[in-house]
>>> print(open('run_5.tsv').read())   # TSV, C-alpha atoms
chain	number	residue	atom	x	y	z
A	1	GLY	CA	-74.66	28.78	13.20
A	2	LEU	CA	-78.29	27.93	12.42
A	3	HIS	CA	-79.24	28.47	16.05
A	4	GLY	CA	-77.67	31.93	16.19
A	5	LYS	CA	-79.26	33.11	12.96
A	6	ASN	CA	-82.66	31.80	14.01
A	7	SER	CA	-82.62	33.67	17.34
A	8	THR	CA	-81.60	36.96	15.73
A	9	VAL	CA	-84.21	36.77	12.97
A	10	ILE	CA	-87.00	35.85	15.37
A	11	ARG	CA	-86.07	38.66	17.76
A	12	GLN	CA	-86.01	41.23	14.93
A	13	MET	CA	-89.33	40.02	13.54
A	14	ARG	CA	-91.04	40.21	16.93
A	15	LEU	CA	-89.63	43.67	17.65
A	16	ARG	CA	-90.86	44.93	14.26
A	17	ILE	CA	-94.38	43.55	14.81
A	18	GLU	CA	-94.54	44.97	18.33
A	19	GLN	CA	-93.40	48.37	17.05
A	20	GLU	CA	-96.05	48.34	14.30
A	21	HIS	CA	-98.65	47.29	16.86
A	22	ALA	CA	-97.64	50.11	19.21
A	23	GLU	CA	-97.88	52.66	16.40
A	24	PHE	CA	-101.30	51.30	15.47
A	25	ASP	CA	-102.49	51.46	19.09
A	26	GLY	CA	-101.17	55.02	19.25
A	27	SER	CA	-103.65	55.99	16.56
A	28	GLY	CA	-106.47	54.80	18.82
A	29	ALA	CA	-106.52	58.09	20.74
A	30	ARG	CA	-106.93	60.01	17.48
A	31	ILE	CA	-109.70	57.70	16.27
A	32	HIS	CA	-111.43	58.01	19.66
A	33	ALA	CA	-111.29	61.80	19.40
A	34	VAL	CA	-112.81	61.67	15.91
A	35	ARG	CA	-115.57	59.38	17.18
A	36	SER	CA	-116.34	61.79	20.03
A	37	ILE	CA	-116.62	64.75	17.66
A	38	HIS	CA	-118.64	62.65	15.25
A	39	LEU	CA	-121.17	61.68	17.95
A	40	LYS	CA	-121.41	65.27	19.15
A	41	MET	CA	-122.21	66.47	15.63
A	42	LEU	CA	-124.74	63.65	15.15
A	43	ARG	CA	-126.49	64.68	18.36
A	44	GLU	CA	-126.74	68.17	16.94
A	45	VAL	CA	-128.46	66.76	13.84
A	46	PHE	CA	-130.83	64.70	16.00
A	47	GLN	CA	-131.74	67.80	18.01
A	48	LEU	CA	-132.43	69.81	14.86
A	49	LEU	CA	-134.70	67.12	13.45
A	50	GLY	CA	-136.24	65.89	16.70
A	51	THR	CA	-139.84	66.26	17.84
A	52	PRO	CA	-139.12	69.08	20.35
A	53	SER	CA	-137.49	71.12	17.56
A	54	LEU	CA	-140.46	70.55	15.25
A	55	LYS	CA	-142.93	71.56	17.95
A	56	ALA	CA	-140.95	74.72	18.62
A	57	GLU	CA	-140.97	75.68	14.93
A	58	LEU	CA	-144.75	75.14	14.71
A	59	THR	CA	-145.52	77.03	17.94
A	60	ALA	CA	-145.93	80.44	16.30
A	61	LEU	CA	-148.26	79.07	13.63
A	62	ASN	CA	-150.23	77.11	16.20
A	63	THR	CA	-150.61	80.24	18.32
A	64	ALA	CA	-151.74	82.30	15.32
A	65	LEU	CA	-154.32	79.69	14.33
A	66	ARG	CA	-155.75	79.58	17.86
A	67	GLN	CA	-156.41	83.33	17.94
A	68	PRO	CA	-160.18	84.00	18.04
A	69	GLY	CA	-161.94	85.60	15.11
A	70	ILE	CA	-160.79	86.20	11.56
A	71	LYS	CA	-157.06	85.44	11.16
A	72	PHE	CA	-155.83	88.09	8.75
A	73	GLY	CA	-152.10	87.53	9.38
A	74	ILE	CA	-152.22	83.77	9.15
A	75	LYS	CA	-150.58	83.55	5.71
A	76	LYS	CA	-147.57	85.51	6.95
A	77	ALA	CA	-147.21	83.26	10.02
A	78	TYR	CA	-147.57	80.24	7.74
A	79	ALA	CA	-144.84	81.44	5.36
A	80	GLN	CA	-142.52	82.32	8.24
A	81	THR	CA	-143.01	78.84	9.72
A	82	PHE	CA	-141.92	77.13	6.52
A	83	ASP	CA	-139.01	79.54	6.15
A	84	ARG	CA	-137.81	78.38	9.58
A	85	LEU	CA	-138.33	74.74	8.65
A	86	ARG	CA	-136.25	75.19	5.50
A	87	ASP	CA	-133.61	76.91	7.61
A	88	VAL	CA	-133.50	73.84	9.86
A	89	MET	CA	-132.85	71.71	6.78
A	90	LEU	CA	-130.02	74.00	5.72
A	91	GLN	CA	-128.47	73.76	9.18
A	92	VAL	CA	-128.70	69.98	8.96
A	93	ARG	CA	-126.98	70.02	5.57
A	94	THR	CA	-124.18	72.22	6.97
A	95	VAL	CA	-123.53	69.89	9.91
A	96	ASN	CA	-123.74	66.81	7.69
A	97	ASP	CA	-121.21	68.31	5.26
A	98	GLU	CA	-118.88	68.99	8.20
A	99	ILE	CA	-119.22	65.36	9.32
A	100	HIS	CA	-118.44	64.17	5.78
A	101	SER	CA	-115.38	66.42	5.54
A	102	MET	CA	-114.04	65.28	8.93
A	103	LEU	CA	-114.51	61.57	8.20
A	104	HIS	CA	-113.05	61.91	4.71
A	105	GLY	CA	-109.90	63.54	6.09
A	106	THR	CA	-109.58	60.86	8.78
A	107	PHE	CA	-110.07	58.04	6.28
A	108	VAL	CA	-107.43	59.48	3.93
A	109	GLN	CA	-104.90	59.60	6.80
A	110	LEU	CA	-105.66	56.05	7.95
A	111	ASN	CA	-105.41	54.75	4.40
A	112	ALA	CA	-102.00	56.38	4.02
A	113	GLU	CA	-100.64	55.28	7.42
A	114	PHE	CA	-102.00	51.74	7.68
A	115	GLY	CA	-102.90	50.73	4.14
A	116	PHE	CA	-106.64	50.73	4.82
A	117	SER	CA	-109.15	50.93	1.96
A	118	LEU	CA	-111.70	53.22	3.59
A	119	GLN	CA	-114.13	54.99	1.26
A	120	THR	CA	-116.26	57.94	2.34
A	121	PRO	CA	-119.86	57.46	1.14
A	122	LYS	CA	-121.55	60.29	-0.67
A	123	PRO	CA	-123.34	62.43	1.95
A	124	THR	CA	-127.10	62.75	2.16
A	125	ASP	CA	-128.39	65.89	0.45
A	126	PRO	CA	-131.46	67.38	2.20
A	127	ALA	CA	-132.28	69.38	-0.96
A	128	LEU	CA	-134.83	66.77	-2.01
A	129	HIS	CA	-136.54	67.06	1.33
A	130	ILE	CA	-136.56	70.84	1.13
A	131	ARG	CA	-138.56	70.40	-2.05
A	132	ASP	CA	-140.90	68.12	-0.09
A	133	LEU	CA	-141.39	70.94	2.42
A	134	ASP	CA	-142.19	73.28	-0.46
A	135	SER	CA	-144.77	70.79	-1.70
A	136	VAL	CA	-146.41	70.57	1.73
A	137	GLU	CA	-146.49	74.35	1.98
A	138	ARG	CA	-148.20	74.68	-1.39
A	139	GLY	CA	-150.60	71.85	-0.61
A	140	HIS	CA	-151.91	73.44	2.59
A	141	VAL	CA	-151.85	77.13	1.73
A	142	GLN	CA	-155.25	76.75	0.07
A	143	TYR	CA	-156.80	76.27	3.53
A	144	LEU	CA	-155.63	79.77	4.49
A	145	ALA	CA	-157.47	81.54	1.67
A	146	LEU	CA	-160.28	84.02	2.41
A	147	GLY	CA	-162.81	81.40	1.34
A	148	ASN	CA	-161.84	79.40	4.44
A	149	ALA	CA	-161.85	82.36	6.81
A	150	ILE	CA	-164.98	81.12	8.59
A	151	ARG	CA	-163.63	77.58	8.90
A	152	LEU	CA	-160.30	78.91	10.20
A	153	ALA	CA	-162.20	80.72	12.90
A	154	GLN	CA	-163.32	77.34	14.23
A	155	PRO	CA	-160.81	75.90	16.77
A	156	GLU	CA	-161.46	72.33	15.64
A	157	PHE	CA	-160.53	73.11	12.04
A	158	ALA	CA	-157.41	75.00	13.14
A	159	ASP	CA	-156.33	72.07	15.32
A	160	ARG	CA	-156.81	69.60	12.47
A	161	LEU	CA	-154.77	71.82	10.15
A	162	VAL	CA	-151.85	72.05	12.60
A	163	ARG	CA	-151.90	68.31	13.29
A	164	ALA	CA	-151.94	67.52	9.57
A	165	LEU	CA	-149.00	69.87	8.97
A	166	ALA	CA	-147.09	68.44	11.92
A	167	THR	CA	-147.61	64.89	10.65
A	168	ARG	CA	-146.38	65.73	7.14
A	169	VAL	CA	-143.37	67.70	8.33
A	170	ARG	CA	-142.47	65.08	10.95
A	171	SER	CA	-142.47	62.44	8.23
A	172	ILE	CA	-140.03	64.53	6.19
A	173	PHE	CA	-137.78	65.16	9.19
A	174	GLU	CA	-137.77	61.46	10.09
A	175	SER	CA	-136.83	60.53	6.51
A	176	VAL	CA	-133.86	62.92	6.59
A	177	LEU	CA	-132.82	61.61	10.00
A	178	ALA	CA	-133.03	57.97	8.86
A	179	GLU	CA	-130.91	58.67	5.77
A	180	ILE	CA	-128.26	60.54	7.77
A	181	GLU	CA	-128.18	57.83	10.42
A	182	MET	CA	-127.78	55.12	7.77
A	183	TRP	CA	-125.03	57.10	6.04
A	184	ASN	CA	-123.08	57.52	9.26
A	185	LYS	CA	-123.47	53.85	10.24
A	186	SER	CA	-122.24	52.84	6.79
A	187	ALA	CA	-119.21	55.11	7.06
A	188	MET	CA	-118.21	53.99	10.56
A	189	ALA	CA	-119.00	50.29	10.01
A	190	GLN	CA	-116.24	49.91	7.43
A	191	LEU	CA	-113.80	51.60	9.83
A	192	ASP	CA	-114.76	49.17	12.61
A	193	VAL	CA	-114.35	46.20	10.24
A	194	GLN	CA	-110.88	47.23	9.11
A	195	LEU	CA	-109.75	48.07	12.66
A	196	ARG	CA	-110.83	44.62	13.86
A	197	GLU	CA	-109.17	42.95	10.89
A	198	ARG	CA	-105.90	44.79	11.52
A	199	ARG	CA	-105.93	43.78	15.20
A	200	ARG	CA	-106.60	40.17	14.22
A	201	ASN	CA	-103.72	40.44	11.75
A	202	PHE	CA	-101.35	41.53	14.52
A	203	ASP	CA	-102.56	38.64	16.69
A	204	ARG	CA	-101.97	36.16	13.86
A	205	ARG	CA	-98.46	37.50	13.25
A	206	ILE	CA	-97.56	37.27	16.93
A	207	GLU	CA	-98.93	33.71	17.04
A	208	ALA	CA	-96.79	32.84	14.03
A	209	ILE	CA	-93.70	34.22	15.77
A	210	GLU	CA	-94.54	32.19	18.89
A	211	ARG	CA	-94.83	29.05	16.77
A	212	ILE	CA	-91.42	29.83	15.25
A	213	GLN	CA	-90.01	30.31	18.76
A	214	GLN	CA	-91.46	26.98	19.81
A	215	ALA	CA	-89.84	25.41	16.77
A	216	ALA	CA	-86.58	27.12	17.74
A	217	GLY	CA	-86.91	25.58	21.19
A	218	GLY	CA	-87.26	22.20	19.49
A	219	LEU	CA	-84.10	23.00	17.55
A	220	ASP	CA	-82.28	23.67	20.83
A	221	GLU	CA	-83.42	20.32	22.15
A	222	ARG	CA	-82.28	18.59	18.95
A	223	ILE	CA	-78.89	20.31	19.11
A	224	SER	CA	-78.51	19.16	22.75
A	225	GLU	CA	-79.39	15.62	21.72
A	226	ILE	CA	-76.82	15.73	18.93
A	227	GLY	CA	-74.26	17.09	21.41
A	228	LEU	CA	-74.87	14.15	23.76
A	229	GLN	CA	-74.63	11.70	20.87
A	230	GLU	CA	-71.42	13.37	19.78
A	231	SER	CA	-69.96	12.98	23.30
A	232	ALA	CA	-70.97	9.33	23.35
A	233	LEU	CA	-69.36	8.81	19.94
A	234	ILE	CA	-66.14	10.49	21.10
A	235	GLN	CA	-66.04	8.25	24.15
A	236	LEU	CA	-66.67	5.21	21.97
A	237	GLU	CA	-63.96	6.31	19.54
A	238	THR	CA	-61.51	6.80	22.43
A	239	ARG	CA	-62.33	3.38	23.75
A	240	LEU	CA	-61.91	1.79	20.32
A	241	THR	CA	-58.58	3.55	19.87
A	242	GLU	CA	-57.42	2.19	23.21
A	243	LEU	CA	-58.55	-1.33	22.30
A	244	VAL	CA	-56.83	-1.17	18.91
A	245	ALA	CA	-53.61	0.10	20.50
A	246	GLN	CA	-53.75	-2.63	23.06
A	247	PHE	CA	-54.36	-5.25	20.41
A	248	VAL	CA	-51.47	-4.00	18.29
A	249	SER	CA	-49.05	-3.91	21.22
A	250	GLU	CA	-49.72	-7.48	22.36
A	251	PRO	CA	-47.18	-10.07	21.01
A	252	ALA	CA	-48.46	-12.51	18.47
A	253	PRO	CA	-48.87	-16.08	19.79
A	254	SER	CA	-45.99	-18.48	18.86
>>> encode(input="run_5.tsv", output="structure tokens")
Amino acid sequence: GLHGKNSTVIRQMRLRIEQEHAEFDGSGARIHAVRSIHLKMLREVFQLLGTPSLKAELTALNTALRQPGIKFGIKKAYAQTFDRLRDVMLQVRTVNDEIHSMLHGTFVQLNAEFGFSLQTPKPTDPALHIRDLDSVERGHVQYLALGNAIRLAQPEFADRLVRALATRVRSIFESVLAEIEMWNKSAMAQLDVQLRERRRNFDRRIEAIERIQQAAGGLDERISEIGLQESALIQLETRLTELVAQFVSEPAPS
């Protein structure tokens, strides 16, 4: 009876673990799809904040500053450049909010389905860096005043002004990029940790079942040994019965 119950319980336990494992593996395709979308959106952020993008946004201002003579429309070109830079920041915030929303929804589903404890970090807000752009704009606009008209007419001065602006703006862009990259690594790292832990948990459970099966095999061997001993005892009992019967049937000596 013990042998029968043991086999049934072990079989049911293994089937349940394998079913849970299969369901968990089935979620891998969904997680992979989320990762693919996540990386695509991150690449979009990197492109918006990358050096080629910054150079493109500064091209119009650079061209205006390199025009010979007095640069009467330089303030307008300057303001338009910073408007475009702020627009880049707003695009970055939009994409980053979309990433946050997607990961939050995915984490909520995984928590519900598999009992994870995933938490979506608070997203980076580029608003602070937009204020930094405003500060840079105010700090350099003084060089575009009429009092600097003669200096602006000098190519060397114009080049220094563009390089200084590019350095300041690049620093701001790199700060935003570093924060967003850190945020995304933090969000995905906890997912990787809990996925690995769940896989290890399945492996441990399967190993435990295998140990139980090995113990059940030992039980089978023990039952076989007991069966052999029982047969030997039956034979011994039969032989003793025969000897007793023979002893009883023999006449007593006179």
>>> closest_residue(input="run_5.tsv", among="A:Leu233, A:Leu228, A:Glu98, A:Arg199", to="Gly28 in chain A", atoms="only C-alpha atoms")
A:Arg199
>>> atom_distance(input="run_5.tsv", atom1="CA of Arg131 in chain A", atom2="CA of Asp87 in chain A")
12.7 Å
>>> residues_around(input="run_5.tsv", residues="range 47-50 of chain A", least_positions_apart="6", cutoff="10 Å", atoms="all atoms listed in the file", output="PyMOL selection string")
chain A and resi 41+85+88-89+91-92+170+172-177
>>> write_last_selection(input="run_5.tsv", atoms="C-alpha atoms", output="compact mmCIF listing (two decimals), in the coordinates of the input")
# COMPACT_ATOMS: atom_id res chain seq x y z
CA MET A 41 -122.21 66.47 15.63
CA LEU A 85 -138.33 74.74 8.65
CA VAL A 88 -133.50 73.84 9.86
CA MET A 89 -132.85 71.71 6.78
CA GLN A 91 -128.47 73.76 9.18
CA VAL A 92 -128.70 69.98 8.96
CA ARG A 170 -142.47 65.08 10.95
CA ILE A 172 -140.03 64.53 6.19
CA PHE A 173 -137.78 65.16 9.19
CA GLU A 174 -137.77 61.46 10.09
CA SER A 175 -136.83 60.53 6.51
CA VAL A 176 -133.86 62.92 6.59
CA LEU A 177 -132.82 61.61 10.00
>>> closest_residue(input="run_5.tsv", among="A:Gln19, A:Ser171, A:Thr106, A:Ser36", to="Gln119 in chain A", atoms="only C-alpha atoms")
A:Thr106
>>> atom_distance(input="run_5.tsv", atom1="CA of Glu156 in chain A", atom2="CA of Asp83 in chain A")
25.4 Å
>>> closest_residue(input="run_5.tsv", among="A:Asp132, A:Glu23, A:Glu44, A:Glu210", to="Thr94 in chain A", atoms="all atoms listed in the file")
A:Glu44
>>> closest_residue(input="run_5.tsv", among="A:Lys185, A:Arg222, A:Arg205, A:Lys75", to="Gln142 in chain A", atoms="all atoms listed in the file")
A:Lys75
>>> atom_distance(input="run_5.tsv", atom1="CA of Arg84 in chain A", atom2="CA of Leu128 in chain A")
16.7 Å
>>> closest_residue(input="run_5.tsv", among="A:Glu20, A:Glu179, A:Glu242, A:Glu237", to="Asn201 in chain A", atoms="all atoms listed in the file")
A:Glu20
>>> closest_residue(input="run_5.tsv", among="A:Leu165, A:Leu240, A:Lys122, A:Ala158", to="Ala64 in chain A", atoms="all atoms listed in the file")
A:Ala158
>>> axis_aligned_box(input="run_5.tsv", around="range 97-103 of chain A", padding_each_side="4 Å", output="AutoDock Vina command-line options")
--center_x -117.6 --center_y 65.3 --center_z 7.3 --size_x 15.2 --size_y 15.4 --size_z 12.1
>>> residues_around(input="run_5.tsv", residues="Asp125 in chain A", least_positions_apart="6", cutoff="9 Å", atoms="all atoms listed in the file", output="list in words")
Arg93, Asn96, Asp97 and Val176 of chain A
>>> residues_around(input="run_5.tsv", residues="Tyr78 in chain A", least_positions_apart="6", cutoff="10 Å", atoms="only C-alpha atoms", output="list in words")
Leu58, Ala60, Leu61, Asn62, Ala64, Leu65, Glu137, His140, Val141 and Leu144 of chain A
>>> decode(input="run_5.tsv", residues="range 128-144 of chain A", atoms="N, CA, C and O atoms", output="PDB file, in the first residue's frame")
ATOM      1  N   LEU A 128      14.217  68.931 -15.287  1.00  0.00           N
ATOM      2  CA  LEU A 128      15.363  69.599 -14.681  1.00  0.00           C
ATOM      3  C   LEU A 128      16.403  69.975 -15.723  1.00  0.00           C
ATOM      4  O   LEU A 128      17.008  71.053 -15.678  1.00  0.00           O
ATOM      5  N   HIS A 129      16.598  69.114 -16.674  1.00  0.00           N
ATOM      6  CA  HIS A 129      17.601  69.373 -17.703  1.00  0.00           C
ATOM      7  C   HIS A 129      17.107  70.401 -18.715  1.00  0.00           C
ATOM      8  O   HIS A 129      17.922  71.079 -19.348  1.00  0.00           O
ATOM      9  N   ILE A 130      15.813  70.497 -18.882  1.00  0.00           N
ATOM     10  CA  ILE A 130      15.281  71.575 -19.725  1.00  0.00           C
ATOM     11  C   ILE A 130      15.597  72.914 -19.079  1.00  0.00           C
ATOM     12  O   ILE A 130      15.948  73.894 -19.762  1.00  0.00           O
ATOM     13  N   ARG A 131      15.504  72.960 -17.767  1.00  0.00           N
ATOM     14  CA  ARG A 131      15.875  74.194 -17.060  1.00  0.00           C
ATOM     15  C   ARG A 131      17.370  74.479 -17.214  1.00  0.00           C
ATOM     16  O   ARG A 131      17.788  75.640 -17.285  1.00  0.00           O
ATOM     17  N   ASP A 132      18.178  73.423 -17.277  1.00  0.00           N
ATOM     18  CA  ASP A 132      19.610  73.620 -17.523  1.00  0.00           C
ATOM     19  C   ASP A 132      19.839  74.231 -18.904  1.00  0.00           C
ATOM     20  O   ASP A 132      20.715  75.100 -19.066  1.00  0.00           O
ATOM     21  N   LEU A 133      19.060  73.759 -19.888  1.00  0.00           N
ATOM     22  CA  LEU A 133      19.162  74.354 -21.230  1.00  0.00           C
ATOM     23  C   LEU A 133      18.794  75.831 -21.190  1.00  0.00           C
ATOM     24  O   LEU A 133      19.449  76.669 -21.836  1.00  0.00           O
ATOM     25  N   ASP A 134      17.734  76.145 -20.454  1.00  0.00           N
ATOM     26  CA  ASP A 134      17.327  77.554 -20.322  1.00  0.00           C
ATOM     27  C   ASP A 134      18.456  78.381 -19.725  1.00  0.00           C
ATOM     28  O   ASP A 134      18.711  79.522 -20.145  1.00  0.00           O
ATOM     29  N   SER A 135      19.139  77.814 -18.744  1.00  0.00           N
ATOM     30  CA  SER A 135      20.240  78.524 -18.095  1.00  0.00           C
ATOM     31  C   SER A 135      21.389  78.771 -19.069  1.00  0.00           C
ATOM     32  O   SER A 135      21.987  79.863 -19.094  1.00  0.00           O
ATOM     33  N   VAL A 136      21.702  77.751 -19.876  1.00  0.00           N
ATOM     34  CA  VAL A 136      22.760  77.917 -20.880  1.00  0.00           C
ATOM     35  C   VAL A 136      22.369  78.989 -21.890  1.00  0.00           C
ATOM     36  O   VAL A 136      23.188  79.841 -22.274  1.00  0.00           O
ATOM     37  N   GLU A 137      21.116  78.958 -22.309  1.00  0.00           N
ATOM     38  CA  GLU A 137      20.648  79.956 -23.278  1.00  0.00           C
ATOM     39  C   GLU A 137      20.790  81.369 -22.720  1.00  0.00           C
ATOM     40  O   GLU A 137      21.292  82.277 -23.395  1.00  0.00           O
ATOM     41  N   ARG A 138      20.389  81.561 -21.479  1.00  0.00           N
ATOM     42  CA  ARG A 138      20.495  82.893 -20.878  1.00  0.00           C
ATOM     43  C   ARG A 138      21.951  83.297 -20.680  1.00  0.00           C
ATOM     44  O   ARG A 138      22.324  84.460 -20.796  1.00  0.00           O
ATOM     45  N   GLY A 139      22.795  82.298 -20.353  1.00  0.00           N
ATOM     46  CA  GLY A 139      24.195  82.605 -20.073  1.00  0.00           C
ATOM     47  C   GLY A 139      24.978  83.042 -21.299  1.00  0.00           C
ATOM     48  O   GLY A 139      25.967  83.773 -21.173  1.00  0.00           O
ATOM     49  N   HIS A 140      24.565  82.583 -22.498  1.00  0.00           N
ATOM     50  CA  HIS A 140      25.316  82.901 -23.702  1.00  0.00           C
ATOM     51  C   HIS A 140      24.669  83.975 -24.564  1.00  0.00           C
ATOM     52  O   HIS A 140      25.308  84.473 -25.502  1.00  0.00           O
ATOM     53  N   VAL A 141      23.435  84.321 -24.278  1.00  0.00           N
ATOM     54  CA  VAL A 141      22.760  85.306 -25.136  1.00  0.00           C
ATOM     55  C   VAL A 141      23.444  86.661 -25.081  1.00  0.00           C
ATOM     56  O   VAL A 141      23.350  87.470 -26.013  1.00  0.00           O
ATOM     57  N   GLN A 142      24.156  86.922 -23.986  1.00  0.00           N
ATOM     58  CA  GLN A 142      24.861  88.208 -23.854  1.00  0.00           C
ATOM     59  C   GLN A 142      25.899  88.393 -24.958  1.00  0.00           C
ATOM     60  O   GLN A 142      26.191  89.518 -25.380  1.00  0.00           O
ATOM     61  N   TYR A 143      26.460  87.281 -25.467  1.00  0.00           N
ATOM     62  CA  TYR A 143      27.478  87.392 -26.513  1.00  0.00           C
ATOM     63  C   TYR A 143      26.883  87.766 -27.866  1.00  0.00           C
ATOM     64  O   TYR A 143      27.625  88.048 -28.811  1.00  0.00           O
ATOM     65  N   LEU A 144      25.544  87.760 -27.945  1.00  0.00           N
ATOM     66  CA  LEU A 144      24.883  88.083 -29.211  1.00  0.00           C
ATOM     67  C   LEU A 144      24.375  89.523 -29.240  1.00  0.00           C
ATOM     68  O   LEU A 144      23.735  89.940 -30.205  1.00  0.00           O
TER      69      LEU A 144
END
